[in-house]
There are 2 protein chains.
Amino acid sequence: MAVEYDGTAFVGFQFQPGLRSVQGVLETALSRIFEEPVKVTAAGRTDTGVHASGQVVSFTTARSSFPFDRLPIALNSALPNDVTVRDAAVVDPSFSARFSADERSYVYAIFNRREPSALSATSAYHVYAALDLDAFGDAAAHLIGKHDFRSFCGTPPDNGNTVRTVKTLTVRRRGTLIRVAISADGFVHRMVRTIVGTLIECAAGRRDPATIPAMLDARARSAAGLTAPAHGLYLAGVRYRDGYDSFAEPPVTSATDNS
Amino acid sequence: MAVEYDGTAFVGFQFQPGLRSVQGVLETALSRIFEEPVKVTAAGRTDTGVHASGQVVSFTTARSSFPFDRLPIALNSALPNDVTVRDAAVVDPSFSARFSADERSYVYAIFNRREPSALSATSAYHVYAALDLDAFGDAAAHLIGKHDFRSFCGTPPDNGNTVRTVKTLTVRRRGTLIRVAISADGFVHRMVRTIVGTLIECAAGRRDPATIPAMLDARARSAAGLTAPAHGLYLAGVRYRDGYDSFAEPPVTSATDNS
């Protein structure tokens, strides 16, 4: 299923007892519809406050006679307003939303004006400092390709592997809105937010874009910049081996498609 | 002051004792900053749940030595996240945000896809039916100009005058988003929402656009269509005699500017 959610009122994707998680809300609705306990697997376990326009979630059910073409309608009427299912399909039992994914894409929205914006307060990060988009792009260019992202990683993964390949990293401005888009074969914990926080420092003139390679080499979180807040971040799409891509532009940044 | 707010968590603009109103929140912040009771006047008293990207608010203060160029910064740090001040200026004492206004503009956002959108749940009205934009435009054309809008009025004004002049009424689609923009010398209660609700019925094939003139002639609320919900509506701008215009495109619909 391709799933959209507003992360504002969730503790994140992952189930936490007694707290409101996207996983919990989805599993409650699915278990009611299928009249059996349903557990879901997500392509990306987004942190507290992070949004998704193209999350992918898979699950297994014994109710094979269910009319799956009507699952989005049934599920959307059972779900709260801040989680919606855009699309659903029956897939091979070997499919995993998480492990079959080839590439993930995130979009980060920055609202860049001296005054904050009430209508973007939960959908974009307000940066009041003037940002130099050339410096932003120069710094970003150093991060494209295969690197050890240890310096841009919150909690390292259990296997200790922090090498990832960033395929695209673009930045565009339209009016007061700056859209950062990044795709990679995978992401370490808080990688997008740490990259965006560091690029903002470069664009604000507080760091030199030429220092990015040294940050990567340092392999220490303290070498990179601040972690940008969760509410500007969107899991925008996941691409699979079979070619399926769940990408959907978040509404707040869709304007930049035309620029 | 040009003011932006997300109407979701407000009972509307107008002060109501014990309830969270935009006026109440603004007056509390202003009274604290000016250390005297401050009362505000708004260009439009928006209903419960209605948003604003270009509301205009005026007030009088005895603290004439206040550094007014710094008022937005001072006020934004005192205000909650869902109300922000974009701009402020000292004006002639005869100015009234309400009575000096020449023209008001509203934008209405419709999210038109079978599945709802979690990320637009509080910023656009979800219409699942297919909408014919030609029929929408044909119906809209009948409303442009000077008419008695009694049939499109919730609670009539005290003076009973429901004649208004609609200057522009446009509809555009970009992807799943339909943007309706309407400007007039003034609006009667719920006029935009009743117009939008009626135009949606025409676009969905449930009413004939050619019946709009008869609806106007009927001068009865029952002759027109449903009232579209508050959360798709934005008070987008107010134009004054001196030429000042507070218009700002709501973030959710800014994409359509390019189409």
# chains A, B, ... in the order shown; residues from 1 in each chain; ligands from 1

$ interface_residues --of "chain B" --to "chain A" --cutoff "6 Å" --atoms "only C-alpha atoms" --output "ChimeraX atom specification"
/B:4-6,81-84,86,115,118-119,252,255

$ select_by_dssp --residues "range 32-215 of chain B" --states "strand (DSSP E or B)" --output "short mmCIF file (atom, residue, chain, number, x, y, z; two decimals) with all heavy atoms, in the first residue's frame"
data_model
loop_
_atom_site.label_atom_id
_atom_site.label_comp_id
_atom_site.auth_asym_id
_atom_site.auth_seq_id
_atom_site.Cartn_x
_atom_site.Cartn_y
_atom_site.Cartn_z
N VAL B 40 -8.77 44.85 18.53
CA VAL B 40 -8.47 44.86 17.10
C VAL B 40 -9.74 44.81 16.25
O VAL B 40 -10.78 44.34 16.68
CB VAL B 40 -7.55 43.67 16.70
CG1 VAL B 40 -6.25 43.68 17.50
CG2 VAL B 40 -8.26 42.33 16.83
N THR B 41 -9.60 45.33 15.01
CA THR B 41 -10.67 45.26 14.00
C THR B 41 -10.11 44.50 12.81
O THR B 41 -9.00 44.77 12.37
CB THR B 41 -11.04 46.69 13.54
OG1 THR B 41 -11.48 47.43 14.69
CG2 THR B 41 -12.14 46.67 12.49
N ALA B 42 -10.87 43.53 12.30
CA ALA B 42 -10.41 42.74 11.15
C ALA B 42 -11.18 43.10 9.90
O ALA B 42 -12.35 43.49 9.96
CB ALA B 42 -10.60 41.26 11.44
N HIS B 51 -9.36 29.63 7.16
CA HIS B 51 -7.97 30.08 7.24
C HIS B 51 -7.82 31.49 6.66
O HIS B 51 -8.73 32.00 6.01
CB HIS B 51 -7.07 29.14 6.43
CG HIS B 51 -7.31 27.70 6.67
ND1 HIS B 51 -7.08 27.10 7.88
CD2 HIS B 51 -7.77 26.71 5.85
CE1 HIS B 51 -7.37 25.81 7.79
NE2 HIS B 51 -7.81 25.55 6.57
N ALA B 52 -6.65 32.07 6.87
CA ALA B 52 -6.35 33.36 6.23
C ALA B 52 -4.88 33.41 5.85
O ALA B 52 -4.01 33.05 6.65
CB ALA B 52 -6.67 34.52 7.17
N SER B 53 -4.61 33.81 4.61
CA SER B 53 -3.22 34.08 4.21
C SER B 53 -3.01 35.59 4.11
O SER B 53 -1.87 36.05 4.14
CB SER B 53 -2.90 33.40 2.87
OG SER B 53 -3.86 33.75 1.89
N GLY B 54 -4.11 36.36 4.03
CA GLY B 54 -3.97 37.81 3.88
C GLY B 54 -5.03 38.60 4.64
O GLY B 54 -5.55 39.59 4.14
N GLN B 55 -5.34 38.16 5.85
CA GLN B 55 -6.25 38.93 6.71
C GLN B 55 -5.59 40.27 7.05
O GLN B 55 -4.36 40.34 7.13
CB GLN B 55 -6.53 38.14 8.00
CG GLN B 55 -7.28 38.86 9.10
CD GLN B 55 -8.78 39.06 8.80
OE1 GLN B 55 -9.15 39.95 8.04
NE2 GLN B 55 -9.61 38.23 9.41
N VAL B 56 -6.38 41.32 7.24
CA VAL B 56 -5.82 42.61 7.69
C VAL B 56 -6.51 43.00 9.00
O VAL B 56 -7.73 42.89 9.13
CB VAL B 56 -5.99 43.71 6.62
CG1 VAL B 56 -5.49 45.06 7.14
CG2 VAL B 56 -5.21 43.33 5.36
N VAL B 57 -5.69 43.42 9.96
CA VAL B 57 -6.17 43.74 11.30
C VAL B 57 -5.61 45.12 11.68
O VAL B 57 -4.43 45.39 11.47
CB VAL B 57 -5.67 42.66 12.30
CG1 VAL B 57 -5.87 43.10 13.73
CG2 VAL B 57 -6.36 41.33 12.02
N SER B 58 -6.47 45.99 12.19
CA SER B 58 -5.99 47.30 12.64
C SER B 58 -6.31 47.48 14.12
O SER B 58 -7.22 46.84 14.66
CB SER B 58 -6.62 48.42 11.81
OG SER B 58 -8.03 48.39 11.89
N PHE B 59 -5.53 48.33 14.79
CA PHE B 59 -5.78 48.65 16.19
C PHE B 59 -5.18 50.01 16.51
O PHE B 59 -4.38 50.55 15.75
CB PHE B 59 -5.20 47.57 17.13
CG PHE B 59 -3.70 47.48 17.09
CD1 PHE B 59 -2.92 48.19 18.01
CD2 PHE B 59 -3.04 46.70 16.15
CE1 PHE B 59 -1.53 48.11 17.98
CE2 PHE B 59 -1.66 46.63 16.10
CZ PHE B 59 -0.90 47.34 17.03
N VAL B 83 -0.84 31.45 14.26
CA VAL B 83 -1.14 32.83 13.86
C VAL B 83 0.19 33.55 13.69
O VAL B 83 1.03 33.52 14.60
CB VAL B 83 -1.92 33.63 14.93
CG1 VAL B 83 -2.39 34.98 14.36
CG2 VAL B 83 -3.09 32.86 15.46
N THR B 84 0.40 34.18 12.54
CA THR B 84 1.64 34.94 12.34
C THR B 84 1.33 36.28 11.68
O THR B 84 0.35 36.41 10.94
CB THR B 84 2.66 34.17 11.46
OG1 THR B 84 1.99 33.63 10.32
CG2 THR B 84 3.31 33.04 12.23
N VAL B 85 2.17 37.27 11.99
CA VAL B 85 2.02 38.60 11.42
C VAL B 85 3.12 38.75 10.38
O VAL B 85 4.29 38.56 10.66
CB VAL B 85 2.15 39.67 12.52
CG1 VAL B 85 2.15 41.06 11.91
CG2 VAL B 85 0.99 39.51 13.49
N ARG B 86 2.70 39.08 9.14
CA ARG B 86 3.63 39.15 8.02
C ARG B 86 4.22 40.54 7.90
O ARG B 86 5.31 40.72 7.37
CB ARG B 86 2.83 38.88 6.75
CG ARG B 86 3.28 37.69 5.95
CD ARG B 86 2.30 37.42 4.85
NE ARG B 86 2.01 38.58 4.05
CZ ARG B 86 0.85 38.82 3.44
NH1 ARG B 86 -0.15 37.97 3.57
NH2 ARG B 86 0.68 39.90 2.72
N ASP B 87 3.49 41.53 8.36
CA ASP B 87 3.73 42.90 7.96
C ASP B 87 2.97 43.84 8.90
O ASP B 87 1.87 43.50 9.31
CB ASP B 87 3.09 43.07 6.57
CG ASP B 87 3.93 43.86 5.63
OD1 ASP B 87 4.83 44.56 6.10
OD2 ASP B 87 3.64 43.77 4.42
N ALA B 101 -11.79 49.02 3.52
CA ALA B 101 -11.52 48.01 2.48
C ALA B 101 -12.40 48.22 1.26
O ALA B 101 -13.59 48.49 1.39
CB ALA B 101 -11.74 46.62 3.05
N ASP B 102 -11.78 48.10 0.08
CA ASP B 102 -12.48 48.26 -1.18
C ASP B 102 -12.88 46.93 -1.79
O ASP B 102 -13.89 46.83 -2.49
CB ASP B 102 -11.52 48.91 -2.20
CG ASP B 102 -11.81 50.38 -2.39
OD1 ASP B 102 -12.79 50.87 -1.80
OD2 ASP B 102 -11.04 51.02 -3.11
N GLU B 103 -12.03 45.94 -1.57
CA GLU B 103 -12.23 44.64 -2.23
C GLU B 103 -11.61 43.55 -1.37
O GLU B 103 -10.53 43.75 -0.78
CB GLU B 103 -11.53 44.69 -3.59
CG GLU B 103 -11.84 43.52 -4.49
CD GLU B 103 -11.12 43.64 -5.83
OE1 GLU B 103 -11.31 44.67 -6.53
OE2 GLU B 103 -10.35 42.72 -6.16
N ARG B 104 -12.28 42.42 -1.27
CA ARG B 104 -11.75 41.26 -0.55
C ARG B 104 -11.62 40.10 -1.52
O ARG B 104 -12.43 39.97 -2.45
CB ARG B 104 -12.69 40.86 0.59
CG ARG B 104 -12.68 41.85 1.75
CD ARG B 104 -13.81 41.58 2.72
NE ARG B 104 -13.78 42.49 3.87
CZ ARG B 104 -14.24 43.72 3.88
NH1 ARG B 104 -14.81 44.23 2.79
NH2 ARG B 104 -14.15 44.46 4.97
N SER B 105 -10.59 39.27 -1.30
CA SER B 105 -10.36 38.10 -2.16
C SER B 105 -10.30 36.85 -1.30
O SER B 105 -9.61 36.83 -0.28
CB SER B 105 -9.03 38.22 -2.90
OG SER B 105 -9.04 39.34 -3.73
N TYR B 106 -10.99 35.81 -1.75
CA TYR B 106 -10.93 34.51 -1.10
C TYR B 106 -10.42 33.47 -2.08
O TYR B 106 -10.65 33.58 -3.30
CB TYR B 106 -12.32 34.08 -0.61
CG TYR B 106 -12.79 34.81 0.62
CD1 TYR B 106 -13.48 36.02 0.53
CD2 TYR B 106 -12.55 34.28 1.89
CE1 TYR B 106 -13.92 36.68 1.67
CE2 TYR B 106 -12.99 34.95 3.03
CZ TYR B 106 -13.67 36.14 2.92
OH TYR B 106 -14.09 36.79 4.04
N VAL B 107 -9.72 32.48 -1.55
CA VAL B 107 -9.32 31.32 -2.36
C VAL B 107 -9.93 30.09 -1.69
O VAL B 107 -9.93 29.99 -0.46
CB VAL B 107 -7.78 31.20 -2.44
CG1 VAL B 107 -7.35 29.86 -3.03
CG2 VAL B 107 -7.19 32.36 -3.26
N TYR B 108 -10.48 29.18 -2.51
CA TYR B 108 -11.02 27.93 -1.97
C TYR B 108 -10.27 26.77 -2.62
O TYR B 108 -10.15 26.70 -3.84
CB TYR B 108 -12.53 27.81 -2.26
CG TYR B 108 -13.16 26.76 -1.38
CD1 TYR B 108 -13.79 27.10 -0.18
CD2 TYR B 108 -13.07 25.41 -1.71
CE1 TYR B 108 -14.33 26.12 0.65
CE2 TYR B 108 -13.59 24.43 -0.88
CZ TYR B 108 -14.22 24.79 0.30
OH TYR B 108 -14.74 23.83 1.13
N ALA B 109 -9.75 25.86 -1.77
CA ALA B 109 -8.95 24.73 -2.26
C ALA B 109 -9.76 23.43 -2.20
O ALA B 109 -10.27 23.06 -1.15
CB ALA B 109 -7.69 24.60 -1.43
N ILE B 110 -9.85 22.76 -3.35
CA ILE B 110 -10.55 21.47 -3.45
C ILE B 110 -9.52 20.40 -3.81
O ILE B 110 -8.76 20.58 -4.76
CB ILE B 110 -11.64 21.52 -4.54
CG1 ILE B 110 -12.69 22.59 -4.22
CG2 ILE B 110 -12.30 20.13 -4.72
CD1 ILE B 110 -13.62 22.91 -5.38
N PHE B 111 -9.49 19.31 -3.03
CA PHE B 111 -8.61 18.19 -3.35
C PHE B 111 -9.49 17.14 -4.02
O PHE B 111 -10.37 16.58 -3.39
CB PHE B 111 -7.97 17.65 -2.06
CG PHE B 111 -6.94 16.60 -2.35
CD1 PHE B 111 -5.65 16.97 -2.70
CD2 PHE B 111 -7.26 15.26 -2.30
CE1 PHE B 111 -4.70 16.01 -2.99
CE2 PHE B 111 -6.32 14.30 -2.60
CZ PHE B 111 -5.03 14.67 -2.94
N ASN B 112 -9.25 16.91 -5.32
CA ASN B 112 -10.17 16.10 -6.12
C ASN B 112 -9.53 14.80 -6.63
O ASN B 112 -8.87 14.77 -7.66
CB ASN B 112 -10.67 16.95 -7.31
CG ASN B 112 -11.76 16.27 -8.10
OD1 ASN B 112 -12.56 15.51 -7.57
ND2 ASN B 112 -11.81 16.56 -9.38
N TYR B 125 -10.64 20.86 0.73
CA TYR B 125 -11.86 20.06 0.84
C TYR B 125 -11.75 18.87 -0.11
O TYR B 125 -11.55 19.06 -1.32
CB TYR B 125 -13.05 20.95 0.47
CG TYR B 125 -14.39 20.27 0.32
CD1 TYR B 125 -14.78 19.20 1.13
CD2 TYR B 125 -15.30 20.73 -0.64
CE1 TYR B 125 -16.03 18.60 0.97
CE2 TYR B 125 -16.55 20.14 -0.80
CZ TYR B 125 -16.90 19.09 0.01
OH TYR B 125 -18.13 18.49 -0.14
N HIS B 126 -11.88 17.67 0.43
CA HIS B 126 -11.78 16.48 -0.40
C HIS B 126 -13.10 16.18 -1.11
O HIS B 126 -14.11 15.92 -0.46
CB HIS B 126 -11.38 15.27 0.47
CG HIS B 126 -11.36 13.99 -0.30
ND1 HIS B 126 -12.00 12.85 0.12
CD2 HIS B 126 -10.79 13.68 -1.49
CE1 HIS B 126 -11.82 11.89 -0.77
NE2 HIS B 126 -11.09 12.36 -1.75
N VAL B 127 -13.07 16.25 -2.44
CA VAL B 127 -14.23 15.87 -3.26
C VAL B 127 -13.83 14.65 -4.08
O VAL B 127 -12.88 14.72 -4.86
CB VAL B 127 -14.66 17.03 -4.19
CG1 VAL B 127 -15.80 16.58 -5.11
CG2 VAL B 127 -15.10 18.24 -3.38
N GLY B 145 -20.33 39.86 -11.54
CA GLY B 145 -21.11 41.09 -11.70
C GLY B 145 -21.94 41.39 -10.46
O GLY B 145 -21.78 40.75 -9.41
N LYS B 146 -22.83 42.37 -10.59
CA LYS B 146 -23.65 42.83 -9.47
C LYS B 146 -24.94 42.02 -9.40
O LYS B 146 -25.72 41.99 -10.37
CB LYS B 146 -23.97 44.32 -9.68
CG LYS B 146 -24.67 44.98 -8.50
CD LYS B 146 -24.78 46.48 -8.73
CE LYS B 146 -25.45 47.16 -7.54
NZ LYS B 146 -25.46 48.62 -7.73
N HIS B 147 -25.13 41.33 -8.27
CA HIS B 147 -26.32 40.50 -8.10
C HIS B 147 -26.81 40.59 -6.65
O HIS B 147 -26.04 40.95 -5.77
CB HIS B 147 -26.01 39.02 -8.39
CG HIS B 147 -25.51 38.75 -9.77
ND1 HIS B 147 -26.32 38.73 -10.87
CD2 HIS B 147 -24.25 38.49 -10.23
CE1 HIS B 147 -25.60 38.46 -11.96
NE2 HIS B 147 -24.34 38.31 -11.59
N ASP B 148 -28.04 40.20 -6.47
CA ASP B 148 -28.53 40.00 -5.10
C ASP B 148 -28.17 38.57 -4.70
O ASP B 148 -28.67 37.61 -5.30
CB ASP B 148 -30.05 40.21 -5.04
CG ASP B 148 -30.57 40.14 -3.61
OD1 ASP B 148 -29.88 39.55 -2.74
OD2 ASP B 148 -31.67 40.69 -3.37
N VAL B 163 -26.98 42.66 -1.82
CA VAL B 163 -26.46 42.93 -3.17
C VAL B 163 -24.95 43.13 -3.08
O VAL B 163 -24.48 43.94 -2.27
CB VAL B 163 -27.15 44.17 -3.80
CG1 VAL B 163 -26.50 44.52 -5.14
CG2 VAL B 163 -28.64 43.92 -3.96
N ARG B 164 -24.20 42.39 -3.87
CA ARG B 164 -22.74 42.51 -3.91
C ARG B 164 -22.28 42.42 -5.35
O ARG B 164 -23.00 41.86 -6.20
CB ARG B 164 -22.06 41.40 -3.10
CG ARG B 164 -22.40 41.39 -1.60
CD ARG B 164 -21.78 42.57 -0.85
NE ARG B 164 -22.03 42.49 0.59
CZ ARG B 164 -23.13 42.90 1.22
NH1 ARG B 164 -24.14 43.43 0.52
NH2 ARG B 164 -23.24 42.80 2.52
N THR B 165 -21.07 42.94 -5.63
CA THR B 165 -20.51 42.86 -6.97
C THR B 165 -19.30 41.93 -6.97
O THR B 165 -18.28 42.24 -6.35
CB THR B 165 -20.11 44.27 -7.47
OG1 THR B 165 -21.28 45.10 -7.45
CG2 THR B 165 -19.55 44.21 -8.89
N VAL B 166 -19.45 40.80 -7.64
CA VAL B 166 -18.32 39.87 -7.80
C VAL B 166 -17.48 40.35 -8.98
O VAL B 166 -17.98 40.48 -10.09
CB VAL B 166 -18.82 38.42 -8.04
CG1 VAL B 166 -17.67 37.49 -8.43
CG2 VAL B 166 -19.52 37.90 -6.78
N LYS B 167 -16.21 40.65 -8.71
CA LYS B 167 -15.35 41.21 -9.76
C LYS B 167 -14.66 40.11 -10.55
O LYS B 167 -14.58 40.18 -11.77
CB LYS B 167 -14.35 42.17 -9.13
CG LYS B 167 -15.09 43.37 -8.52
CD LYS B 167 -14.18 44.34 -7.82
CE LYS B 167 -15.01 45.47 -7.22
NZ LYS B 167 -14.19 46.46 -6.52
N THR B 168 -14.12 39.11 -9.86
CA THR B 168 -13.50 37.98 -10.55
C THR B 168 -13.93 36.69 -9.87
O THR B 168 -14.16 36.65 -8.66
CB THR B 168 -11.95 38.06 -10.52
OG1 THR B 168 -11.53 38.04 -9.16
CG2 THR B 168 -11.43 39.33 -11.19
N LEU B 169 -14.04 35.64 -10.66
CA LEU B 169 -14.36 34.31 -10.15
C LEU B 169 -13.73 33.32 -11.11
O LEU B 169 -14.19 33.16 -12.25
CB LEU B 169 -15.89 34.12 -10.06
CG LEU B 169 -16.44 32.76 -9.61
CD1 LEU B 169 -15.69 32.18 -8.43
CD2 LEU B 169 -17.92 32.88 -9.26
N THR B 170 -12.61 32.73 -10.69
CA THR B 170 -11.84 31.85 -11.58
C THR B 170 -11.69 30.47 -10.96
O THR B 170 -11.71 30.31 -9.74
CB THR B 170 -10.44 32.41 -11.86
OG1 THR B 170 -9.72 32.50 -10.62
CG2 THR B 170 -10.49 33.79 -12.50
N VAL B 171 -11.53 29.48 -11.82
CA VAL B 171 -11.29 28.11 -11.35
C VAL B 171 -10.18 27.50 -12.21
O VAL B 171 -10.16 27.67 -13.43
CB VAL B 171 -12.59 27.27 -11.39
CG1 VAL B 171 -13.24 27.30 -12.75
CG2 VAL B 171 -12.31 25.83 -10.98
N ARG B 172 -9.23 26.85 -11.53
CA ARG B 172 -8.09 26.23 -12.23
C ARG B 172 -7.79 24.89 -11.59
O ARG B 172 -7.95 24.73 -10.37
CB ARG B 172 -6.85 27.12 -12.10
CG ARG B 172 -6.94 28.40 -12.89
CD ARG B 172 -5.64 29.15 -12.89
NE ARG B 172 -5.34 29.70 -11.58
CZ ARG B 172 -4.33 30.55 -11.33
NH1 ARG B 172 -3.53 30.92 -12.31
NH2 ARG B 172 -4.12 31.01 -10.12
N ARG B 173 -7.32 23.95 -12.38
CA ARG B 173 -6.92 22.66 -11.84
C ARG B 173 -5.42 22.46 -12.07
O ARG B 173 -4.89 22.81 -13.12
CB ARG B 173 -7.67 21.53 -12.56
CG ARG B 173 -7.31 20.13 -12.01
CD ARG B 173 -7.71 19.04 -12.95
NE ARG B 173 -9.15 18.83 -13.04
CZ ARG B 173 -9.84 18.06 -12.20
NH1 ARG B 173 -9.24 17.43 -11.23
NH2 ARG B 173 -11.14 17.92 -12.36
N ARG B 174 -4.74 21.93 -11.06
CA ARG B 174 -3.36 21.46 -11.26
C ARG B 174 -3.25 20.12 -10.55
O ARG B 174 -3.28 20.06 -9.33
CB ARG B 174 -2.35 22.46 -10.69
CG ARG B 174 -0.94 21.97 -10.93
CD ARG B 174 0.10 22.98 -10.49
NE ARG B 174 1.41 22.41 -10.74
CZ ARG B 174 2.02 21.56 -9.93
NH1 ARG B 174 1.47 21.20 -8.81
NH2 ARG B 174 3.20 21.06 -10.25
N LEU B 177 -5.43 19.13 -7.42
CA LEU B 177 -5.89 20.31 -6.70
C LEU B 177 -6.66 21.27 -7.60
O LEU B 177 -6.17 21.65 -8.66
CB LEU B 177 -4.70 21.04 -6.08
CG LEU B 177 -5.16 22.09 -5.07
CD1 LEU B 177 -5.26 21.47 -3.68
CD2 LEU B 177 -4.22 23.27 -5.06
N ILE B 178 -7.86 21.67 -7.16
CA ILE B 178 -8.63 22.69 -7.87
C ILE B 178 -8.66 23.93 -7.00
O ILE B 178 -8.93 23.86 -5.79
CB ILE B 178 -10.07 22.20 -8.15
CG1 ILE B 178 -10.02 20.99 -9.11
CG2 ILE B 178 -10.93 23.32 -8.72
CD1 ILE B 178 -11.37 20.31 -9.29
N ARG B 179 -8.33 25.06 -7.61
CA ARG B 179 -8.29 26.34 -6.89
C ARG B 179 -9.39 27.25 -7.43
O ARG B 179 -9.45 27.51 -8.63
CB ARG B 179 -6.93 27.00 -7.11
CG ARG B 179 -6.82 28.45 -6.61
CD ARG B 179 -5.55 29.05 -7.19
NE ARG B 179 -5.25 30.40 -6.70
CZ ARG B 179 -5.59 31.51 -7.34
NH1 ARG B 179 -6.28 31.46 -8.46
NH2 ARG B 179 -5.23 32.69 -6.85
N VAL B 180 -10.26 27.71 -6.54
CA VAL B 180 -11.29 28.66 -6.90
C VAL B 180 -10.91 29.99 -6.26
O VAL B 180 -10.60 30.04 -5.06
CB VAL B 180 -12.68 28.22 -6.38
CG1 VAL B 180 -13.76 29.17 -6.87
CG2 VAL B 180 -12.98 26.78 -6.79
N ALA B 181 -10.88 31.06 -7.05
CA ALA B 181 -10.54 32.38 -6.50
C ALA B 181 -11.67 33.33 -6.81
O ALA B 181 -12.19 33.35 -7.92
CB ALA B 181 -9.23 32.89 -7.12
N ILE B 182 -12.06 34.12 -5.80
CA ILE B 182 -13.20 35.01 -5.98
C ILE B 182 -12.90 36.34 -5.28
O ILE B 182 -12.42 36.37 -4.15
CB ILE B 182 -14.51 34.35 -5.46
CG1 ILE B 182 -15.72 35.27 -5.59
CG2 ILE B 182 -14.37 33.86 -4.03
CD1 ILE B 182 -17.05 34.53 -5.46
N SER B 183 -13.15 37.44 -6.00
CA SER B 183 -12.99 38.76 -5.38
C SER B 183 -14.28 39.54 -5.58
O SER B 183 -14.98 39.37 -6.58
CB SER B 183 -11.80 39.51 -5.98
OG SER B 183 -12.06 39.84 -7.33
N ALA B 184 -14.59 40.38 -4.59
CA ALA B 184 -15.83 41.17 -4.64
C ALA B 184 -15.67 42.41 -3.79
O ALA B 184 -14.74 42.50 -2.97
CB ALA B 184 -17.00 40.33 -4.14
#

$ residues_around --residues "Phe34 in chain A" --least-positions-apart "4" --cutoff "10 Å" --atoms "only C-alpha atoms" --output "compact mmCIF listing (two decimals) with N, CA and C atoms, in the first residue's frame"
# COMPACT_ATOMS: atom_id res chain seq x y z
N ALA A 29 -6.73 -0.54 12.25
CA ALA A 29 -7.73 -0.49 11.17
C ALA A 29 -7.71 -1.78 10.35
N LEU A 30 -6.52 -2.27 10.00
CA LEU A 30 -6.42 -3.48 9.19
C LEU A 30 -6.94 -4.71 9.95
N VAL A 38 -3.26 -8.13 12.30
CA VAL A 38 -2.42 -7.82 11.13
C VAL A 38 -1.21 -7.03 11.60
N THR A 61 -2.14 -11.41 4.96
CA THR A 61 -3.43 -11.78 5.54
C THR A 61 -3.86 -13.14 5.02
N ALA A 62 -4.60 -13.85 5.85
CA ALA A 62 -5.14 -15.15 5.43
C ALA A 62 -6.43 -14.97 4.63
N ARG A 63 -7.01 -13.78 4.65
CA ARG A 63 -8.31 -13.54 3.98
C ARG A 63 -8.10 -13.28 2.48
N SER A 64 -7.73 -14.31 1.76
CA SER A 64 -7.36 -14.14 0.36
C SER A 64 -8.56 -13.80 -0.53
N PHE A 66 -10.67 -11.46 0.11
CA PHE A 66 -11.05 -10.05 0.31
C PHE A 66 -10.98 -9.30 -1.02

$ select_by_dssp --residues "range 16-123 of chain B" --states "alpha helix (DSSP H)" --output "PyMOL selection string"
chain B and resi 22-34+71-78

$ decode --residues "range 172-193 of chain B" --atoms "C-alpha atoms" --output "JSON list (two decimals), in the first residue's frame"
[["chain", "number", "residue", "atom", "x", "y", "z"],
["B", 172, "ARG", "CA", -8.09, 26.23, -12.23],
["B", 173, "ARG", "CA", -6.92, 22.66, -11.84],
["B", 174, "ARG", "CA", -3.36, 21.46, -11.26],
["B", 175, "GLY", "CA", -3.13, 17.71, -10.76],
["B", 176, "THR", "CA", -5.46, 16.73, -7.93],
["B", 177, "LEU", "CA", -5.89, 20.31, -6.70],
["B", 178, "ILE", "CA", -8.63, 22.69, -7.87],
["B", 179, "ARG", "CA", -8.29, 26.34, -6.89],
["B", 180, "VAL", "CA", -11.29, 28.66, -6.90],
["B", 181, "ALA", "CA", -10.54, 32.38, -6.50],
["B", 182, "ILE", "CA", -13.20, 35.01, -5.98],
["B", 183, "SER", "CA", -12.99, 38.76, -5.38],
["B", 184, "ALA", "CA", -15.83, 41.17, -4.64],
["B", 185, "ASP", "CA", -16.56, 44.56, -3.12],
["B", 186, "GLY", "CA", -17.92, 42.61, -0.16],
["B", 187, "PHE", "CA", -19.34, 39.24, 0.81],
["B", 188, "VAL", "CA", -22.49, 38.22, 2.65],
["B", 189, "HIS", "CA", -22.31, 35.49, 5.31],
["B", 190, "ARG", "CA", -21.03, 32.15, 3.94],
["B", 191, "MET", "CA", -21.24, 33.50, 0.37],
["B", 192, "VAL", "CA", -17.99, 31.95, -0.87],
["B", 193, "ARG", "CA", -18.72, 28.55, 0.69]]
